[in-house]
file model.txt (compact mmCIF, N, CA and C atoms)
# COMPACT_ATOMS: atom_id res chain seq x y z
N MET A 1 21.52 3.66 26.55
CA MET A 1 21.30 4.06 25.18
C MET A 1 22.10 3.17 24.23
N LYS A 2 23.33 2.85 24.60
CA LYS A 2 24.18 2.01 23.76
C LYS A 2 23.56 0.63 23.58
N LYS A 3 22.99 0.07 24.68
CA LYS A 3 22.35 -1.25 24.61
C LYS A 3 21.12 -1.21 23.71
N LEU A 4 20.36 -0.13 23.80
CA LEU A 4 19.18 0.03 22.97
C LEU A 4 19.56 0.10 21.49
N THR A 5 20.60 0.84 21.19
CA THR A 5 21.07 0.95 19.81
C THR A 5 21.52 -0.41 19.29
N MET A 6 22.24 -1.16 20.12
CA MET A 6 22.69 -2.50 19.71
C MET A 6 21.50 -3.43 19.49
N LEU A 7 20.49 -3.33 20.34
CA LEU A 7 19.29 -4.16 20.20
C LEU A 7 18.57 -3.85 18.89
N ILE A 8 18.44 -2.56 18.58
CA ILE A 8 17.78 -2.16 17.33
C ILE A 8 18.56 -2.68 16.12
N VAL A 9 19.88 -2.55 16.15
CA VAL A 9 20.71 -3.04 15.05
C VAL A 9 20.55 -4.55 14.91
N MET A 10 20.52 -5.27 16.02
CA MET A 10 20.36 -6.73 15.97
C MET A 10 18.99 -7.11 15.39
N LEU A 11 17.94 -6.39 15.81
CA LEU A 11 16.60 -6.68 15.29
C LEU A 11 16.52 -6.39 13.80
N MET A 12 17.13 -5.30 13.37
CA MET A 12 17.13 -4.97 11.94
C MET A 12 17.88 -6.04 11.15
N ALA A 13 18.98 -6.49 11.68
CA ALA A 13 19.75 -7.54 11.00
C ALA A 13 18.95 -8.82 10.92
N THR A 14 18.22 -9.16 11.98
CA THR A 14 17.39 -10.36 11.98
C THR A 14 16.28 -10.25 10.94
N ASN A 15 15.61 -9.10 10.89
CA ASN A 15 14.55 -8.90 9.91
C ASN A 15 15.11 -8.92 8.49
N SER A 16 16.27 -8.34 8.29
CA SER A 16 16.90 -8.34 6.98
C SER A 16 17.22 -9.76 6.54
N TRP A 17 17.77 -10.56 7.44
CA TRP A 17 18.10 -11.93 7.11
C TRP A 17 16.85 -12.70 6.72
N SER A 18 15.78 -12.50 7.46
CA SER A 18 14.52 -13.19 7.17
C SER A 18 14.00 -12.80 5.79
N ALA A 19 14.06 -11.51 5.46
CA ALA A 19 13.59 -11.06 4.15
C ALA A 19 14.45 -11.64 3.04
N GLU A 20 15.77 -11.67 3.25
CA GLU A 20 16.66 -12.22 2.23
C GLU A 20 16.38 -13.69 2.00
N LYS A 21 15.99 -14.40 3.04
CA LYS A 21 15.69 -15.82 2.92
C LYS A 21 14.49 -16.04 1.99
N GLU A 22 13.52 -15.14 2.02
CA GLU A 22 12.33 -15.25 1.18
C GLU A 22 12.58 -14.79 -0.25
N GLN A 23 13.49 -13.87 -0.44
CA GLN A 23 13.68 -13.27 -1.75
C GLN A 23 14.01 -14.26 -2.85
N PRO A 24 14.95 -15.17 -2.65
CA PRO A 24 15.27 -16.06 -3.78
C PRO A 24 14.06 -16.87 -4.26
N ARG A 25 13.22 -17.31 -3.34
CA ARG A 25 12.03 -18.08 -3.73
C ARG A 25 11.09 -17.20 -4.56
N SER A 26 10.86 -15.97 -4.12
CA SER A 26 10.00 -15.05 -4.86
C SER A 26 10.59 -14.74 -6.23
N VAL A 27 11.87 -14.46 -6.28
CA VAL A 27 12.54 -14.13 -7.54
C VAL A 27 12.50 -15.33 -8.49
N ASP A 28 12.78 -16.52 -7.98
CA ASP A 28 12.72 -17.72 -8.82
C ASP A 28 11.33 -17.89 -9.43
N GLN A 29 10.30 -17.72 -8.62
CA GLN A 29 8.92 -17.87 -9.11
C GLN A 29 8.60 -16.81 -10.16
N ALA A 30 9.02 -15.58 -9.89
CA ALA A 30 8.75 -14.49 -10.84
C ALA A 30 9.45 -14.73 -12.17
N MET A 31 10.69 -15.18 -12.11
CA MET A 31 11.44 -15.44 -13.36
C MET A 31 10.82 -16.60 -14.14
N LYS A 32 10.33 -17.61 -13.44
CA LYS A 32 9.65 -18.72 -14.11
C LYS A 32 8.41 -18.21 -14.84
N VAL A 33 7.68 -17.31 -14.19
CA VAL A 33 6.49 -16.73 -14.83
C VAL A 33 6.89 -15.97 -16.09
N LEU A 34 7.95 -15.16 -16.00
CA LEU A 34 8.38 -14.41 -17.19
C LEU A 34 8.86 -15.34 -18.30
N ASP A 35 9.51 -16.45 -17.94
CA ASP A 35 9.91 -17.43 -18.95
C ASP A 35 8.67 -18.00 -19.65
N SER A 36 7.67 -18.38 -18.86
CA SER A 36 6.42 -18.91 -19.43
C SER A 36 5.69 -17.85 -20.25
N PHE A 37 5.71 -16.63 -19.77
CA PHE A 37 5.09 -15.51 -20.48
C PHE A 37 5.68 -15.40 -21.88
N MET A 38 7.01 -15.37 -21.97
CA MET A 38 7.67 -15.20 -23.26
C MET A 38 7.47 -16.44 -24.15
N TYR A 39 7.57 -17.63 -23.57
CA TYR A 39 7.41 -18.86 -24.34
C TYR A 39 6.01 -18.93 -24.97
N SER A 40 4.98 -18.69 -24.17
CA SER A 40 3.61 -18.79 -24.69
C SER A 40 3.29 -17.64 -25.65
N PHE A 41 3.89 -16.48 -25.42
CA PHE A 41 3.72 -15.35 -26.33
C PHE A 41 4.30 -15.69 -27.70
N ASN A 42 5.52 -16.23 -27.70
CA ASN A 42 6.16 -16.60 -28.97
C ASN A 42 5.44 -17.75 -29.66
N ALA A 43 4.79 -18.61 -28.89
CA ALA A 43 4.00 -19.71 -29.46
C ALA A 43 2.66 -19.21 -30.00
N ARG A 44 2.36 -17.94 -29.70
CA ARG A 44 1.09 -17.32 -30.12
C ARG A 44 -0.11 -18.07 -29.56
N ASP A 45 0.06 -18.54 -28.34
CA ASP A 45 -0.97 -19.31 -27.65
C ASP A 45 -1.65 -18.40 -26.62
N MET A 46 -2.74 -17.76 -27.03
CA MET A 46 -3.43 -16.79 -26.17
C MET A 46 -3.86 -17.40 -24.84
N ASP A 47 -4.35 -18.63 -24.86
CA ASP A 47 -4.84 -19.25 -23.64
C ASP A 47 -3.69 -19.46 -22.64
N ARG A 48 -2.59 -20.03 -23.11
CA ARG A 48 -1.43 -20.26 -22.22
C ARG A 48 -0.79 -18.94 -21.81
N TRP A 49 -0.74 -17.98 -22.73
CA TRP A 49 -0.19 -16.67 -22.39
C TRP A 49 -1.06 -16.01 -21.31
N SER A 50 -2.36 -16.09 -21.46
CA SER A 50 -3.28 -15.53 -20.46
C SER A 50 -3.13 -16.21 -19.10
N ASP A 51 -2.73 -17.47 -19.11
CA ASP A 51 -2.49 -18.20 -17.86
C ASP A 51 -1.30 -17.65 -17.07
N THR A 52 -0.42 -16.92 -17.72
CA THR A 52 0.76 -16.39 -17.03
C THR A 52 0.46 -15.08 -16.30
N LEU A 53 -0.76 -14.59 -16.42
CA LEU A 53 -1.13 -13.31 -15.84
C LEU A 53 -2.00 -13.49 -14.61
N ASN A 54 -1.95 -12.53 -13.70
CA ASN A 54 -2.90 -12.43 -12.60
C ASN A 54 -3.88 -11.33 -12.94
N TYR A 55 -5.11 -11.48 -12.46
CA TYR A 55 -6.19 -10.56 -12.82
C TYR A 55 -6.77 -9.90 -11.58
N PRO A 56 -7.22 -8.63 -11.74
CA PRO A 56 -7.18 -7.86 -12.97
C PRO A 56 -5.74 -7.61 -13.39
N HIS A 57 -5.53 -7.56 -14.71
CA HIS A 57 -4.20 -7.37 -15.28
C HIS A 57 -4.17 -5.99 -15.95
N VAL A 58 -3.08 -5.25 -15.70
CA VAL A 58 -2.97 -3.90 -16.22
C VAL A 58 -1.76 -3.80 -17.15
N ARG A 59 -1.98 -3.15 -18.30
CA ARG A 59 -0.86 -2.88 -19.23
C ARG A 59 -0.87 -1.40 -19.59
N LEU A 60 0.28 -0.76 -19.42
CA LEU A 60 0.47 0.63 -19.82
C LEU A 60 1.45 0.62 -20.98
N ALA A 61 0.97 0.98 -22.16
CA ALA A 61 1.83 0.99 -23.35
C ALA A 61 1.13 1.78 -24.46
N GLY A 62 1.93 2.32 -25.34
CA GLY A 62 1.38 3.04 -26.48
C GLY A 62 0.51 4.22 -26.08
N GLY A 63 0.79 4.80 -24.93
CA GLY A 63 0.04 5.96 -24.48
C GLY A 63 -1.32 5.67 -23.89
N LYS A 64 -1.59 4.40 -23.61
CA LYS A 64 -2.89 4.09 -23.00
C LYS A 64 -2.76 3.02 -21.93
N VAL A 65 -3.78 2.95 -21.10
CA VAL A 65 -3.86 1.96 -20.03
C VAL A 65 -4.97 0.97 -20.40
N THR A 66 -4.63 -0.31 -20.37
CA THR A 66 -5.61 -1.35 -20.65
C THR A 66 -5.72 -2.25 -19.43
N VAL A 67 -6.94 -2.57 -19.04
CA VAL A 67 -7.18 -3.44 -17.90
C VAL A 67 -8.05 -4.61 -18.36
N TRP A 68 -7.58 -5.82 -18.10
CA TRP A 68 -8.37 -7.01 -18.34
C TRP A 68 -8.80 -7.54 -16.99
N LYS A 69 -10.09 -7.68 -16.79
CA LYS A 69 -10.61 -8.12 -15.49
C LYS A 69 -10.48 -9.62 -15.27
N THR A 70 -10.52 -10.39 -16.36
CA THR A 70 -10.49 -11.84 -16.25
C THR A 70 -9.60 -12.45 -17.32
N LYS A 71 -9.27 -13.71 -17.14
CA LYS A 71 -8.50 -14.45 -18.14
C LYS A 71 -9.27 -14.51 -19.46
N GLU A 72 -10.57 -14.68 -19.37
CA GLU A 72 -11.39 -14.75 -20.57
C GLU A 72 -11.33 -13.44 -21.37
N ASP A 73 -11.32 -12.31 -20.66
CA ASP A 73 -11.20 -11.01 -21.33
C ASP A 73 -9.87 -10.92 -22.08
N HIS A 74 -8.79 -11.33 -21.42
CA HIS A 74 -7.47 -11.26 -22.05
C HIS A 74 -7.37 -12.24 -23.22
N SER A 75 -7.87 -13.45 -23.03
CA SER A 75 -7.80 -14.47 -24.09
C SER A 75 -8.53 -14.06 -25.35
N ALA A 76 -9.54 -13.21 -25.21
CA ALA A 76 -10.33 -12.76 -26.36
C ALA A 76 -9.64 -11.64 -27.14
N THR A 77 -8.52 -11.15 -26.63
CA THR A 77 -7.79 -10.06 -27.28
C THR A 77 -7.07 -10.55 -28.53
N THR A 78 -7.10 -9.75 -29.56
CA THR A 78 -6.38 -10.06 -30.79
C THR A 78 -5.08 -9.25 -30.81
N VAL A 79 -3.96 -9.95 -30.64
CA VAL A 79 -2.67 -9.27 -30.54
C VAL A 79 -1.76 -9.62 -31.71
N PHE A 80 -1.71 -10.88 -32.04
CA PHE A 80 -0.67 -11.37 -32.95
C PHE A 80 -0.80 -10.89 -34.40
N PRO A 81 -1.98 -10.80 -34.98
CA PRO A 81 -2.06 -10.29 -36.36
C PRO A 81 -1.45 -8.89 -36.51
N ARG A 82 -1.70 -8.00 -35.55
CA ARG A 82 -1.15 -6.65 -35.60
C ARG A 82 0.38 -6.68 -35.52
N LEU A 83 0.92 -7.53 -34.63
CA LEU A 83 2.37 -7.64 -34.50
C LEU A 83 3.01 -8.19 -35.78
N VAL A 84 2.38 -9.19 -36.37
CA VAL A 84 2.92 -9.80 -37.59
C VAL A 84 3.00 -8.76 -38.71
N LEU A 85 2.04 -7.85 -38.76
CA LEU A 85 2.06 -6.80 -39.78
C LEU A 85 3.28 -5.88 -39.63
N THR A 86 3.87 -5.83 -38.44
CA THR A 86 5.07 -5.00 -38.23
C THR A 86 6.34 -5.75 -38.63
N GLY A 87 6.20 -7.03 -39.01
CA GLY A 87 7.36 -7.84 -39.35
C GLY A 87 7.77 -8.76 -38.21
N TRP A 88 7.05 -8.70 -37.09
CA TRP A 88 7.38 -9.49 -35.91
C TRP A 88 7.20 -10.98 -36.15
N ASP A 89 8.15 -11.75 -35.64
CA ASP A 89 8.04 -13.21 -35.62
C ASP A 89 8.17 -13.75 -34.20
N HIS A 90 9.06 -13.18 -33.41
CA HIS A 90 9.25 -13.64 -32.03
C HIS A 90 9.96 -12.55 -31.22
N SER A 91 9.94 -12.74 -29.91
CA SER A 91 10.58 -11.79 -28.99
C SER A 91 11.48 -12.55 -28.03
N ALA A 92 12.38 -11.83 -27.37
CA ALA A 92 13.27 -12.44 -26.38
C ALA A 92 13.66 -11.40 -25.34
N TRP A 93 13.90 -11.88 -24.12
CA TRP A 93 14.40 -11.02 -23.07
C TRP A 93 15.86 -10.69 -23.37
N VAL A 94 16.22 -9.42 -23.28
CA VAL A 94 17.60 -8.99 -23.38
C VAL A 94 18.19 -8.92 -21.98
N SER A 95 17.39 -8.37 -21.05
CA SER A 95 17.82 -8.31 -19.65
C SER A 95 16.60 -8.30 -18.74
N ARG A 96 16.82 -8.78 -17.51
CA ARG A 96 15.78 -8.77 -16.48
C ARG A 96 16.48 -8.48 -15.15
N GLU A 97 16.17 -7.34 -14.58
CA GLU A 97 16.81 -6.93 -13.33
C GLU A 97 15.75 -6.73 -12.25
N VAL A 98 15.87 -7.47 -11.18
CA VAL A 98 14.95 -7.33 -10.05
C VAL A 98 15.26 -6.02 -9.35
N ILE A 99 14.23 -5.19 -9.19
CA ILE A 99 14.45 -3.90 -8.54
C ILE A 99 13.71 -3.77 -7.22
N LEU A 100 12.73 -4.63 -6.98
CA LEU A 100 11.98 -4.61 -5.73
C LEU A 100 11.45 -6.01 -5.50
N VAL A 101 11.60 -6.51 -4.28
CA VAL A 101 11.17 -7.88 -4.03
C VAL A 101 10.62 -8.02 -2.61
N SER A 102 9.56 -8.79 -2.50
CA SER A 102 9.01 -9.19 -1.21
C SER A 102 8.53 -10.63 -1.37
N GLU A 103 7.93 -11.15 -0.35
CA GLU A 103 7.45 -12.53 -0.38
C GLU A 103 6.34 -12.72 -1.42
N LYS A 104 5.57 -11.67 -1.69
CA LYS A 104 4.41 -11.80 -2.57
C LYS A 104 4.45 -10.93 -3.82
N LYS A 105 5.56 -10.21 -4.03
CA LYS A 105 5.60 -9.32 -5.19
C LYS A 105 7.04 -9.06 -5.61
N VAL A 106 7.26 -9.07 -6.94
CA VAL A 106 8.58 -8.79 -7.49
C VAL A 106 8.42 -7.82 -8.65
N HIS A 107 9.16 -6.71 -8.60
CA HIS A 107 9.21 -5.75 -9.70
C HIS A 107 10.47 -6.04 -10.50
N ILE A 108 10.31 -6.18 -11.80
CA ILE A 108 11.45 -6.54 -12.65
C ILE A 108 11.55 -5.54 -13.80
N SER A 109 12.69 -4.87 -13.86
CA SER A 109 12.98 -3.97 -14.96
C SER A 109 13.54 -4.82 -16.09
N THR A 110 12.92 -4.75 -17.25
CA THR A 110 13.34 -5.61 -18.35
C THR A 110 13.65 -4.80 -19.60
N ILE A 111 14.37 -5.45 -20.47
CA ILE A 111 14.48 -5.00 -21.85
C ILE A 111 14.16 -6.24 -22.69
N PHE A 112 13.25 -6.08 -23.64
CA PHE A 112 12.96 -7.19 -24.55
C PHE A 112 13.16 -6.71 -25.97
N GLN A 113 13.40 -7.67 -26.85
CA GLN A 113 13.65 -7.34 -28.24
C GLN A 113 12.71 -8.13 -29.13
N ARG A 114 12.25 -7.50 -30.18
CA ARG A 114 11.41 -8.17 -31.19
C ARG A 114 12.28 -8.48 -32.40
N PHE A 115 11.98 -9.63 -33.04
CA PHE A 115 12.76 -10.10 -34.19
C PHE A 115 11.83 -10.49 -35.32
N ASP A 116 12.36 -10.43 -36.55
CA ASP A 116 11.61 -10.92 -37.71
C ASP A 116 11.92 -12.40 -37.93
N LYS A 117 11.38 -12.97 -39.01
CA LYS A 117 11.57 -14.40 -39.28
C LYS A 117 13.02 -14.79 -39.49
N GLU A 118 13.84 -13.86 -39.96
CA GLU A 118 15.26 -14.14 -40.19
C GLU A 118 16.11 -13.85 -38.95
N ASN A 119 15.43 -13.60 -37.84
CA ASN A 119 16.08 -13.32 -36.55
C ASN A 119 16.79 -11.97 -36.54
N ASN A 120 16.37 -11.06 -37.42
CA ASN A 120 16.90 -9.70 -37.41
C ASN A 120 16.11 -8.87 -36.41
N PRO A 121 16.79 -8.08 -35.58
CA PRO A 121 16.08 -7.23 -34.60
C PRO A 121 15.23 -6.18 -35.30
N ILE A 122 14.01 -5.99 -34.80
CA ILE A 122 13.14 -4.95 -35.35
C ILE A 122 12.72 -3.93 -34.29
N GLY A 123 13.10 -4.16 -33.04
CA GLY A 123 12.78 -3.21 -31.98
C GLY A 123 13.26 -3.72 -30.64
N LYS A 124 13.68 -2.78 -29.79
CA LYS A 124 14.12 -3.11 -28.44
C LYS A 124 13.43 -2.15 -27.49
N TYR A 125 12.85 -2.68 -26.39
CA TYR A 125 12.01 -1.86 -25.53
C TYR A 125 12.28 -2.12 -24.05
N GLN A 126 12.31 -1.04 -23.28
CA GLN A 126 12.38 -1.15 -21.83
C GLN A 126 10.98 -1.38 -21.30
N SER A 127 10.90 -2.11 -20.19
CA SER A 127 9.59 -2.34 -19.59
C SER A 127 9.74 -2.67 -18.11
N LEU A 128 8.64 -2.57 -17.41
CA LEU A 128 8.57 -2.94 -16.00
C LEU A 128 7.46 -3.96 -15.84
N TYR A 129 7.80 -5.09 -15.26
CA TYR A 129 6.82 -6.14 -14.99
C TYR A 129 6.66 -6.28 -13.49
N ILE A 130 5.42 -6.33 -13.03
CA ILE A 130 5.14 -6.57 -11.62
C ILE A 130 4.49 -7.94 -11.54
N VAL A 131 5.22 -8.85 -10.91
CA VAL A 131 4.78 -10.24 -10.78
C VAL A 131 4.33 -10.45 -9.34
N THR A 132 3.11 -10.97 -9.16
CA THR A 132 2.55 -11.11 -7.82
C THR A 132 2.18 -12.55 -7.51
N ASN A 133 2.13 -12.82 -6.23
CA ASN A 133 1.64 -14.10 -5.72
C ASN A 133 0.24 -13.83 -5.20
N ASP A 134 -0.76 -14.25 -5.96
CA ASP A 134 -2.15 -14.04 -5.59
C ASP A 134 -2.73 -15.37 -5.14
N GLN A 135 -2.86 -15.52 -3.84
CA GLN A 135 -3.41 -16.75 -3.24
C GLN A 135 -2.64 -17.99 -3.68
N GLY A 136 -1.31 -17.87 -3.66
CA GLY A 136 -0.45 -19.00 -3.99
C GLY A 136 -0.14 -19.17 -5.47
N ARG A 137 -0.67 -18.30 -6.30
CA ARG A 137 -0.45 -18.39 -7.74
C ARG A 137 0.35 -17.19 -8.22
N TRP A 138 1.52 -17.43 -8.79
CA TRP A 138 2.36 -16.36 -9.32
C TRP A 138 1.94 -16.02 -10.75
N GLY A 139 1.86 -14.71 -11.05
CA GLY A 139 1.52 -14.26 -12.39
C GLY A 139 1.88 -12.80 -12.56
N VAL A 140 1.95 -12.36 -13.81
CA VAL A 140 2.22 -10.96 -14.11
C VAL A 140 0.93 -10.18 -13.82
N GLN A 141 1.00 -9.27 -12.87
CA GLN A 141 -0.17 -8.47 -12.48
C GLN A 141 -0.25 -7.18 -13.30
N ALA A 142 0.92 -6.62 -13.61
CA ALA A 142 0.95 -5.36 -14.35
C ALA A 142 2.24 -5.28 -15.15
N ARG A 143 2.16 -4.54 -16.26
CA ARG A 143 3.34 -4.32 -17.07
C ARG A 143 3.23 -2.97 -17.74
N SER A 144 4.35 -2.32 -17.81
CA SER A 144 4.42 -1.01 -18.43
C SER A 144 5.63 -1.02 -19.34
N SER A 145 5.41 -0.66 -20.60
CA SER A 145 6.54 -0.69 -21.52
C SER A 145 6.53 0.54 -22.42
N LEU A 146 7.65 0.75 -23.04
CA LEU A 146 7.78 1.82 -24.01
C LEU A 146 7.52 1.32 -25.42
N ALA A 147 7.03 0.07 -25.51
CA ALA A 147 6.68 -0.51 -26.81
C ALA A 147 5.35 0.08 -27.29
N PRO A 148 5.18 0.14 -28.59
CA PRO A 148 3.91 0.65 -29.13
C PRO A 148 2.78 -0.33 -28.89
call {"tool": "encode", "arguments": {"input": "model.txt", "output": "structure tokens"}}
result
Amino acid sequence: MKKLTMLIVMLMATNSWSAEKEQPRSVDQAMKVLDSFMYSFNARDMDRWSDTLNYPHVRLAGGKVTVWKTKEDHSATTVFPRLVLTGWDHSAWVSREVILVSEKKVHISTIFQRFDKENNPIGKYQSLYIVTNDQGRWGVQARSSLAP
């Protein structure tokens, strides 16, 4: 029994080491996607912003669920005029904490902040981003936020 217990512990340690080896690569890719997501969002470039997503893409916010089946569907969305009416000029990550990671998926708990043209904060929101590797391509698959 003692040998069996030691064998199980060794196998678990081996599997853990293997998973840890993959995690930094997955996390690096996910963070790069979030950087591109924010950069293209602030540039108000719908096409490049849509490129940072994997499809179908799901967003839960403002009390509703929105699903875009394709990049073309997302690119056709009008987002920026509504945000500008709130005083928005740009957004930034306040924090990004990895809470779940595998070789093909990373869940990231974030806080982002919206700013006006004078760089004054106009809102801060918690959110969850799920970044996936879909056939070798990393992108935001789903996001849920407390933002309106």
call {"tool": "atom_distance", "arguments": {"input": "model.txt", "atom1": "atom C of A:Leu53", "atom2": "atom N of A:Ser91"}}
result
19.4 Å
call {"tool": "atom_distance", "arguments": {"input": "model.txt", "atom1": "atom N of A:Gly62", "atom2": "atom N of A:Gln135"}}
result
28.3 Å
call {"tool": "residues_around", "arguments": {"input": "model.txt", "residues": "stretch 103-109 of chain A", "least_positions_apart": "5", "cutoff": "10 Å", "atoms": "only C-alpha atoms", "output": "number ranges by chain"}}
result
A: 19-31, 34, 95-98, 126-145
call {"tool": "closest_residue", "arguments": {"input": "model.txt", "among": "A:Thr52, A:Thr78, A:Thr66, A:Asn119", "to": "A:Ala92", "atoms": "only C-alpha atoms"}}
result
A:Asn119
call {"tool": "select_by_dssp", "arguments": {"input": "model.txt", "residues": "chain A", "states": "strand (DSSP E)", "output": "PyMOL selection string"}}
result
chain A and resi 53-61+64-68+90-101+105-115+121-134+137-145
call {"tool": "atom_distance", "arguments": {"input": "model.txt", "atom1": "atom CA of A:Ala61", "atom2": "atom C of A:Glu118"}}
result
25.8 Å
call {"tool": "closest_residue", "arguments": {"input": "model.txt", "among": "A:His90, A:Lys124, A:Lys32, A:Arg48", "to": "A:Ser75", "atoms": "all atoms listed in the file"}}
result
A:Arg48
call {"tool": "residues_around", "arguments": {"input": "model.txt", "residues": "A:Lys71", "least_positions_apart": "5", "cutoff": "8 Å", "atoms": "only C-alpha atoms", "output": "PyMOL selection string"}}
result
chain A and resi 50-51+53+55
call {"tool": "closest_residue", "arguments": {"input": "model.txt", "among": "A:Ile122, A:Val94, A:Val79, A:Ala147", "to": "A:Asn42", "atoms": "only C-alpha atoms"}}
result
A:Val79
call {"tool": "residues_around", "arguments": {"input": "model.txt", "residues": "A:Trp68", "least_positions_apart": "2", "cutoff": "6.5 Å", "atoms": "all atoms listed in the file", "output": "PyMOL selection string"}}
result
chain A and resi 55-59+66+70-71+73-74
call {"tool": "select_by_dssp", "arguments": {"input": "model.txt", "residues": "stretch 9-131 of chain A", "states": "alpha helix (DSSP H)", "output": "ChimeraX atom specification"}}
result
/A:9-42,46-51,71-75,80-85
call {"tool": "closest_residue", "arguments": {"input": "model.txt", "among": "A:Trp49, A:Leu100, A:Trp88, A:Gly63", "to": "A:Lys117", "atoms": "all atoms listed in the file"}}
result
A:Trp88
call {"tool": "axis_aligned_box", "arguments": {"input": "model.txt", "around": "stretch 121-134 of chain A", "padding_each_side": "8 Å", "output": "AutoDock Vina command-line options"}}
result
--center_x 7.0 --center_y -8.2 --center_z -20.4 --size_x 35.5 --size_y 30.3 --size_z 46.4
call {"tool": "decode", "arguments": {"input": "model.txt", "residues": "stretch 88-102 of chain A", "atoms": "N, CA and C atoms", "output": "PDB file, in the first residue's frame"}}
result
ATOM      1  N   TRP A  88     -16.761  58.648 -22.862  1.00  0.00           N
ATOM      2  CA  TRP A  88     -15.629  57.743 -23.036  1.00  0.00           C
ATOM      3  C   TRP A  88     -14.679  58.215 -24.128  1.00  0.00           C
ATOM      4  N   ASP A  89     -13.391  58.081 -23.839  1.00  0.00           N
ATOM      5  CA  ASP A  89     -12.353  58.316 -24.839  1.00  0.00           C
ATOM      6  C   ASP A  89     -11.457  57.092 -25.002  1.00  0.00           C
ATOM      7  N   HIS A  90     -11.130  56.435 -23.899  1.00  0.00           N
ATOM      8  CA  HIS A  90     -10.278  55.243 -23.957  1.00  0.00           C
ATOM      9  C   HIS A  90     -10.444  54.424 -22.677  1.00  0.00           C
ATOM     10  N   SER A  91      -9.936  53.207 -22.726  1.00  0.00           N
ATOM     11  CA  SER A  91     -10.007  52.294 -21.582  1.00  0.00           C
ATOM     12  C   SER A  91      -8.624  51.725 -21.303  1.00  0.00           C
ATOM     13  N   ALA A  92      -8.453  51.162 -20.111  1.00  0.00           N
ATOM     14  CA  ALA A  92      -7.179  50.536 -19.740  1.00  0.00           C
ATOM     15  C   ALA A  92      -7.431  49.428 -18.728  1.00  0.00           C
ATOM     16  N   TRP A  93      -6.576  48.410 -18.774  1.00  0.00           N
ATOM     17  CA  TRP A  93      -6.627  47.357 -17.768  1.00  0.00           C
ATOM     18  C   TRP A  93      -6.105  47.919 -16.452  1.00  0.00           C
ATOM     19  N   VAL A  94      -6.819  47.672 -15.376  1.00  0.00           N
ATOM     20  CA  VAL A  94      -6.356  48.005 -14.037  1.00  0.00           C
ATOM     21  C   VAL A  94      -5.661  46.783 -13.449  1.00  0.00           C
ATOM     22  N   SER A  95      -6.274  45.611 -13.667  1.00  0.00           N
ATOM     23  CA  SER A  95      -5.669  44.362 -13.209  1.00  0.00           C
ATOM     24  C   SER A  95      -6.130  43.213 -14.092  1.00  0.00           C
ATOM     25  N   ARG A  96      -5.284  42.179 -14.147  1.00  0.00           N
ATOM     26  CA  ARG A  96      -5.605  40.958 -14.885  1.00  0.00           C
ATOM     27  C   ARG A  96      -5.027  39.791 -14.084  1.00  0.00           C
ATOM     28  N   GLU A  97      -5.908  38.959 -13.571  1.00  0.00           N
ATOM     29  CA  GLU A  97      -5.481  37.837 -12.741  1.00  0.00           C
ATOM     30  C   GLU A  97      -5.942  36.527 -13.365  1.00  0.00           C
ATOM     31  N   VAL A  98      -5.000  35.671 -13.679  1.00  0.00           N
ATOM     32  CA  VAL A  98      -5.323  34.356 -14.236  1.00  0.00           C
ATOM     33  C   VAL A  98      -5.929  33.511 -13.124  1.00  0.00           C
ATOM     34  N   ILE A  99      -7.117  32.968 -13.389  1.00  0.00           N
ATOM     35  CA  ILE A  99      -7.768  32.152 -12.368  1.00  0.00           C
ATOM     36  C   ILE A  99      -7.931  30.699 -12.782  1.00  0.00           C
ATOM     37  N   LEU A 100      -7.787  30.404 -14.072  1.00  0.00           N
ATOM     38  CA  LEU A 100      -7.879  29.033 -14.563  1.00  0.00           C
ATOM     39  C   LEU A 100      -7.069  28.957 -15.838  1.00  0.00           C
ATOM     40  N   VAL A 101      -6.248  27.922 -15.961  1.00  0.00           N
ATOM     41  CA  VAL A 101      -5.404  27.839 -17.146  1.00  0.00           C
ATOM     42  C   VAL A 101      -5.206  26.387 -17.570  1.00  0.00           C
ATOM     43  N   SER A 102      -5.227  26.179 -18.868  1.00  0.00           N
ATOM     44  CA  SER A 102      -4.875  24.901 -19.469  1.00  0.00           C
ATOM     45  C   SER A 102      -4.116  25.215 -20.753  1.00  0.00           C
TER      46      SER A 102
END
